[in-house]
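Accompanying notes for the structure given below.
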12 protein chains.
Amino acid sequence: MDVDHEEPALANNTYSITEIVGTSPDGVDAAVRNGIDAASSTLRNLDWFEVKEIRGHLKDGKVADWQVTMKLGFRLERP
Amino acid sequence: MDVDHEEPALANNTYSITEIVGTSPDGVDAAVRNGIDAASSTLRNLDWFEVKEIRGHLKDGKVADWQVTMKLGFRLERP
Amino acid sequence: MDVDHEEPALANNTYSITEIVGTSPDGVDAAVRNGIDAASSTLRNLDWFEVKEIRGHLKDGKVADWQVTMKLGFRLERP
Amino acid sequence: MDVDHEEPALANNTYSITEIVGTSPDGVDAAVRNGIDAASSTLRNLDWFEVKEIRGHLKDGKVADWQVTMKLGFRLERP
Amino acid sequence: MDVDHEEPALANNTYSITEIVGTSPDGVDAAVRNGIDAASSTLRNLDWFEVKEIRGHLKDGKVADWQVTMKLGFRLERP
Amino acid sequence: MDVDHEEPALANNTYSITEIVGTSPDGVDAAVRNGIDAASSTLRNLDWFEVKEIRGHLKDGKVADWQVTMKLGFRLERP
Amino acid sequence: MDVDHEEPALANNTYSITEIVGTSPDGVDAAVRNGIDAASSTLRNLDWFEVKEIRGHLKDGKVADWQVTMKLGFRLERP
Amino acid sequence: MDVDHEEPALANNTYSITEIVGTSPDGVDAAVRNGIDAASSTLRNLDWFEVKEIRGHLKDGKVADWQVTMKLGFRLERP
Amino acid sequence: MDVDHEEPALANNTYSITEIVGTSPDGVDAAVRNGIDAASSTLRNLDWFEVKEIRGHLKDGKVADWQVTMKLGFRLERP
Amino acid sequence: MDVDHEEPALANNTYSITEIVGTSPDGVDAAVRNGIDAASSTLRNLDWFEVKEIRGHLKDGKVADWQVTMKLGFRLERP
Amino acid sequence: MDVDHEEPALANNTYSITEIVGTSPDGVDAAVRNGIDAASSTLRNLDWFEVKEIRGHLKDGKVADWQVTMKLGFRLERP
Amino acid sequence: MDVDHEEPALANNTYSITEIVGTSPDGVDAAVRNGIDAASSTLRNLDWFEVKEIRGHLKDGKVADWQVTMKLGFRLERP
């Protein structure tokens, strides 16, 4: 899959990748969404995510929370 | 885990593996199901799937769509 | 992420890791939960899980069941 | 490939995975078979194996024994 | 990075991935381009590529040809 | 990979890679050969194979069949 | 292993992961500690580390310094 | 693996592999030793170990404990 | 990694690693250079890079742009 | 690895690892044995091998030869 | 790998694999060629190469040199 | 890797990589040092090392020796 290209074709965009862990008591999808919500409050131009690891905490024989490690890509703005 | 064996034990079946990306705005499970639905319209004897990658497109700080890369195994029919 | 530390700091706990496959006709989260439910009937002190593989069985072009391979960590009790 | 489904479709089976090293002076296939023979004397419901590593011991410039590390999956019985 | 989204947002596109080896006596970039040229004569809607392996054939102590294994993703057309 | 070079040096050949699972009740080598036999009935110019995974089905504590996942490379013919 | 949970159970914490290389002339443990010391002067809420790579520089046939690449996880504070 | 061969050459030994996490406030070596000490109280014939992961818990910008995940191989006794 | 050692031997330097995607319509080398150019406008003491992934966007059966994911290491300055 | 310990316990042996490809028209085991035979004509103290890759050359839809890449470990003699 | 087959079919050739790092101020292709040039001055029968890692040294925000780690395969001559 | 750059900038150095196993009864750091000591008696221009595997031999429930597999890089001298 590839980086989004809505800018003019000659633009040599650069993207930065950051790694976060989103968590949720509800499941994989919710943990991904929570992590992205938190990241989007400080990062602009978020463009894609990739899940790297799915794990979680168990308590009393149940999943207490889901922890999804993911990479987030965002376009660097040019000065 | 292993290939399904409903045929007689002496059959030396061969399976083929194809790789697809299913997508959905709803989550991981839905992206898997959408990809398999699309593949099953052209491939017969689909037998198993394996998720290889979970990623997606972000727009306005939200998941716009989920993209799940998976391998699909199907039994080759003998001539 | 790290092993939980609610015991006194001097305790050199040891954890054991076991590998299981949880299954469900419903999706990834349910397969994880089913596997943990089954394991918690025989293992005490379950502390964390890590998803290693997501796959499943296809029947008539649909997902018949989801199979999630995961590792489970639990604290060994001292004699 | 997928976990075998000879039980009724509604059953949410759980499988356990154990790791062993089978050995033989004769070759890869024999080392796999020896390991499974040994494991089957204590484990019931063995369902599949996966080879993880093939190695061996050399003596006087010859293979003295083959060592095949493999994972074995077996269905957990419900109480 | 992510699959291209020029279709309406509600479209649950499916992509197929194929693996090829492009070759060239000239270098990595040329081997990639040659492989894609050959593939594009039979595949429509090619969307992205990913390099998986770079290797080559040596003759008389020189690189005789470069061989780049890559995956190609293309959008499946709906019936 | 084992890309054969009997064609003139200037030829920029392209190869395609397909993935199959060969099976046999007899062992690893036989499963590889069975898979290649089945593939060669529909694919021409088969050039090399690479074993990706060795696993199998267990029944009554014995190997019921061996399943070898492999990639097959074949030269694309030019129009 | 899992992210620490001393906050109330309903909190959907997000963690960020950063990658550093700690160095020391003394050994693996010291290189890890030096890297964490340096990171902790600018990062708050450091929660866990994972070693990714151990390498080093050789001079005159001796280890001149140890270089340990590691990931550090820390809890993001909410605004 | 480190499979010791002091038994007669005809013996087709089988080994089992278990996975544990040893911990220590002191460093990598101590965490390995602590884990093996704990395991050796219940497992006989321990033969080799392999480190799989080195991580740990951070508190107040310092390593609070080291956590080393390792596999342990031990020879199965024959009935 | 390529950790430079021109500082006095007693210095326990720490390095930080960041991940970016450089792009170019021209090829792998140019995409690497473009990414480093963009990063060097905000990061000082850049010391080494490592290519992690080579991929790109296809349009009309041609490479529209090359996308090279790489890690960049730079020395942290001490306060 | 399979590091043999028949020397006195205080000996800090060092081992060297070399990588070879053994070939055979007959199968995996024979290719391993052929490679080790060839290596043992120049290397002394061969101690263990590890299979890294199994592949081969296809001709007329049949396996023409098996190619097994393996690592060989041997004890360095002290001066 | 690219094991050449111009010898008679019965020949059980053995190949050796060596690992080198080629460098160049100019780019990936040039670093590969430089490394192979250097190796070919001492190794005969070089047959194939495989790129394992692409990295480099940065100076003043530019690539100072490219470093390509690669494996080289060459046919062992029989005595 | 840690490729040293004290030579003039125009030099296209080539490095060779060798793989060894250092051992010690004392721990990881000592096993690394012992292996490098042994290697440095025959190899000149040793420049960097990378740890690939940490394992060891167990005897009577204790670590009898630590075995660290590592790669060593050294600069090839030009004729």
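Within each chain, counting starts at residue 1; across the structure tokens, chains are named A, B, ... in the order shown, with ligands numbered 1 upward in that order.
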What are the closest atom pairs, with distances in Å to one decimal, for each residue of chain L lying within 6 Å of chain J, using only C-alpha atoms, rows by chain and rising residue number, as a Markdown table?
| residue | atom | partner | partner_atom | distance |
| --- | --- | --- | --- | --- |
| L:Glu19 | CA | J:Ile17 | CA | 5.3 |
| L:Ile20 | CA | J:Ser16 | CA | 4.3 |
| L:Val21 | CA | J:Tyr15 | CA | 4.9 |
| L:Gly22 | CA | J:Thr14 | CA | 4.9 |
| L:Thr23 | CA | J:Asn12 | CA | 5.5 |
| L:Ser24 | CA | J:Asn12 | CA | 5.5 |
| L:Gly35 | CA | J:Thr14 | CA | 5.7 |
For the full set of C-alpha atoms taken in order, report to one decimal the RMSD after fitting chain A onto chain H.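 Across all paired C-alpha atoms, the RMSD is 0.7 Å.
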Would you return as a PDB file with C-alpha atoms, in the first residue's frame the members of range 2-73 of chain K that DSSP assigns to strand (DSSP E or B) on this structure's backbone?
ATOM      1  CA  THR K  14      28.642 -27.352  -2.794  1.00  0.00           C
ATOM      2  CA  TYR K  15      28.575 -23.575  -2.456  1.00  0.00           C
ATOM      3  CA  SER K  16      30.009 -21.393   0.241  1.00  0.00           C
ATOM      4  CA  ILE K  17      28.417 -18.117   1.363  1.00  0.00           C
ATOM      5  CA  THR K  18      30.412 -15.175   2.639  1.00  0.00           C
ATOM      6  CA  GLU K  19      29.102 -11.860   3.972  1.00  0.00           C
ATOM      7  CA  ILE K  20      30.608  -8.477   3.097  1.00  0.00           C
ATOM      8  CA  VAL K  21      29.801  -4.768   3.280  1.00  0.00           C
ATOM      9  CA  GLY K  22      30.433  -2.789   0.126  1.00  0.00           C
ATOM     10  CA  THR K  23      30.576   0.993   0.382  1.00  0.00           C
ATOM     11  CA  SER K  24      30.348   3.938  -1.968  1.00  0.00           C
ATOM     12  CA  LEU K  46      31.437 -16.111  -7.498  1.00  0.00           C
ATOM     13  CA  ASP K  47      27.896 -17.062  -8.494  1.00  0.00           C
ATOM     14  CA  TRP K  48      25.260 -14.868  -6.803  1.00  0.00           C
ATOM     15  CA  PHE K  49      24.708 -12.088  -4.261  1.00  0.00           C
ATOM     16  CA  GLU K  50      21.855 -11.189  -1.942  1.00  0.00           C
ATOM     17  CA  VAL K  51      21.434  -7.739  -0.344  1.00  0.00           C
ATOM     18  CA  LYS K  52      20.819  -8.030   3.401  1.00  0.00           C
ATOM     19  CA  GLU K  53      20.961  -4.466   4.653  1.00  0.00           C
ATOM     20  CA  ILE K  54      21.223  -0.956   3.239  1.00  0.00           C
ATOM     21  CA  ARG K  55      22.496   1.768   5.509  1.00  0.00           C
ATOM     22  CA  GLY K  56      25.011   4.553   5.569  1.00  0.00           C
ATOM     23  CA  HIS K  57      26.895   7.290   7.298  1.00  0.00           C
ATOM     24  CA  LEU K  58      25.531  10.864   7.430  1.00  0.00           C
ATOM     25  CA  LYS K  59      27.712  13.942   7.633  1.00  0.00           C
ATOM     26  CA  LYS K  62      24.048  14.442   3.698  1.00  0.00           C
ATOM     27  CA  VAL K  63      24.824  10.815   2.896  1.00  0.00           C
ATOM     28  CA  ALA K  64      28.606  10.527   3.252  1.00  0.00           C
ATOM     29  CA  ASP K  65      28.704   6.914   2.169  1.00  0.00           C
ATOM     30  CA  TRP K  66      26.317   4.058   1.431  1.00  0.00           C
ATOM     31  CA  GLN K  67      26.957   0.708   3.104  1.00  0.00           C
ATOM     32  CA  VAL K  68      25.344  -2.381   1.630  1.00  0.00           C
ATOM     33  CA  THR K  69      25.657  -5.655   3.506  1.00  0.00           C
ATOM     34  CA  MET K  70      25.340  -8.613   1.169  1.00  0.00           C
ATOM     35  CA  LYS K  71      25.929 -12.333   1.013  1.00  0.00           C
ATOM     36  CA  LEU K  72      28.017 -13.753  -1.811  1.00  0.00           C
ATOM     37  CA  GLY K  73      27.744 -17.371  -2.959  1.00  0.00           C
TER      38      GLY K  73
END
Pairwise distance, CA of Val32 in chain D with CA of Val28 in chain J, equals 13.9 Å
Fill in: Computed interatomic separation between CA of Arg44 in chain E and CA of Gly27 in chain B (Å)
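Computing it gives 27.7 Å between the two atoms.
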Notebook entry, point to check: How would you write, as a list in words, the set of residues in range 5-52 of chain I that DSSP gives as alpha helix (DSSP H)?
Noted result: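 The residues of range 5-52 of chain I classed as alpha helix (DSSP H) are Val28, Asp29, Ala30, Ala31, Val32, Arg33, Asn34, Gly35, Ile36, Asp37, Ala38, Ala39 and Ser40 of chain I.
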Let me see the file: selected residues, N, CA, C and O atoms, as a short mmCIF file (atom, residue, chain, number, x, y, z; two decimals), in the first residue's frame.
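Below is the file that was written, out.cif:
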data_model
loop_
_atom_site.label_atom_id
_atom_site.label_comp_id
_atom_site.auth_asym_id
_atom_site.auth_seq_id
_atom_site.Cartn_x
_atom_site.Cartn_y
_atom_site.Cartn_z
N VAL I 28 15.43 4.77 -5.82
CA VAL I 28 15.71 4.50 -4.41
C VAL I 28 16.67 5.53 -3.82
O VAL I 28 16.41 6.12 -2.76
N ASP I 29 17.79 5.75 -4.48
CA ASP I 29 18.80 6.66 -3.92
C ASP I 29 18.23 8.06 -3.71
O ASP I 29 18.47 8.70 -2.67
N ALA I 30 17.48 8.53 -4.69
CA ALA I 30 16.93 9.88 -4.59
C ALA I 30 15.91 9.98 -3.45
O ALA I 30 15.84 11.00 -2.75
N ALA I 31 15.12 8.92 -3.26
CA ALA I 31 14.14 8.96 -2.17
C ALA I 31 14.84 9.01 -0.81
O ALA I 31 14.40 9.72 0.10
N VAL I 32 15.94 8.26 -0.68
CA VAL I 32 16.71 8.32 0.56
C VAL I 32 17.23 9.75 0.77
O VAL I 32 17.07 10.34 1.84
N ARG I 33 17.84 10.30 -0.26
CA ARG I 33 18.41 11.65 -0.13
C ARG I 33 17.35 12.70 0.18
O ARG I 33 17.57 13.58 1.01
N ASN I 34 16.19 12.61 -0.46
CA ASN I 34 15.13 13.58 -0.17
C ASN I 34 14.67 13.50 1.28
O ASN I 34 14.43 14.52 1.93
N GLY I 35 14.52 12.28 1.78
CA GLY I 35 14.08 12.13 3.16
C GLY I 35 15.09 12.72 4.13
O GLY I 35 14.73 13.39 5.10
N ILE I 36 16.37 12.47 3.86
CA ILE I 36 17.41 12.98 4.76
C ILE I 36 17.50 14.50 4.68
O ILE I 36 17.68 15.17 5.70
N ASP I 37 17.34 15.03 3.48
CA ASP I 37 17.32 16.49 3.34
C ASP I 37 16.22 17.11 4.21
O ASP I 37 16.45 18.08 4.93
N ALA I 38 15.05 16.53 4.13
CA ALA I 38 13.92 17.09 4.90
C ALA I 38 14.19 16.97 6.39
O ALA I 38 13.93 17.89 7.16
N ALA I 39 14.72 15.82 6.81
CA ALA I 39 14.96 15.61 8.25
C ALA I 39 16.05 16.53 8.77
O ALA I 39 15.99 17.00 9.90
N SER I 40 17.05 16.77 7.93
CA SER I 40 18.19 17.55 8.42
C SER I 40 17.84 19.02 8.64
O SER I 40 18.61 19.75 9.24
#
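Interatomic distance, CA of Pro25 in chain D against CA of Gly61 in chain L: 27.7 Å.
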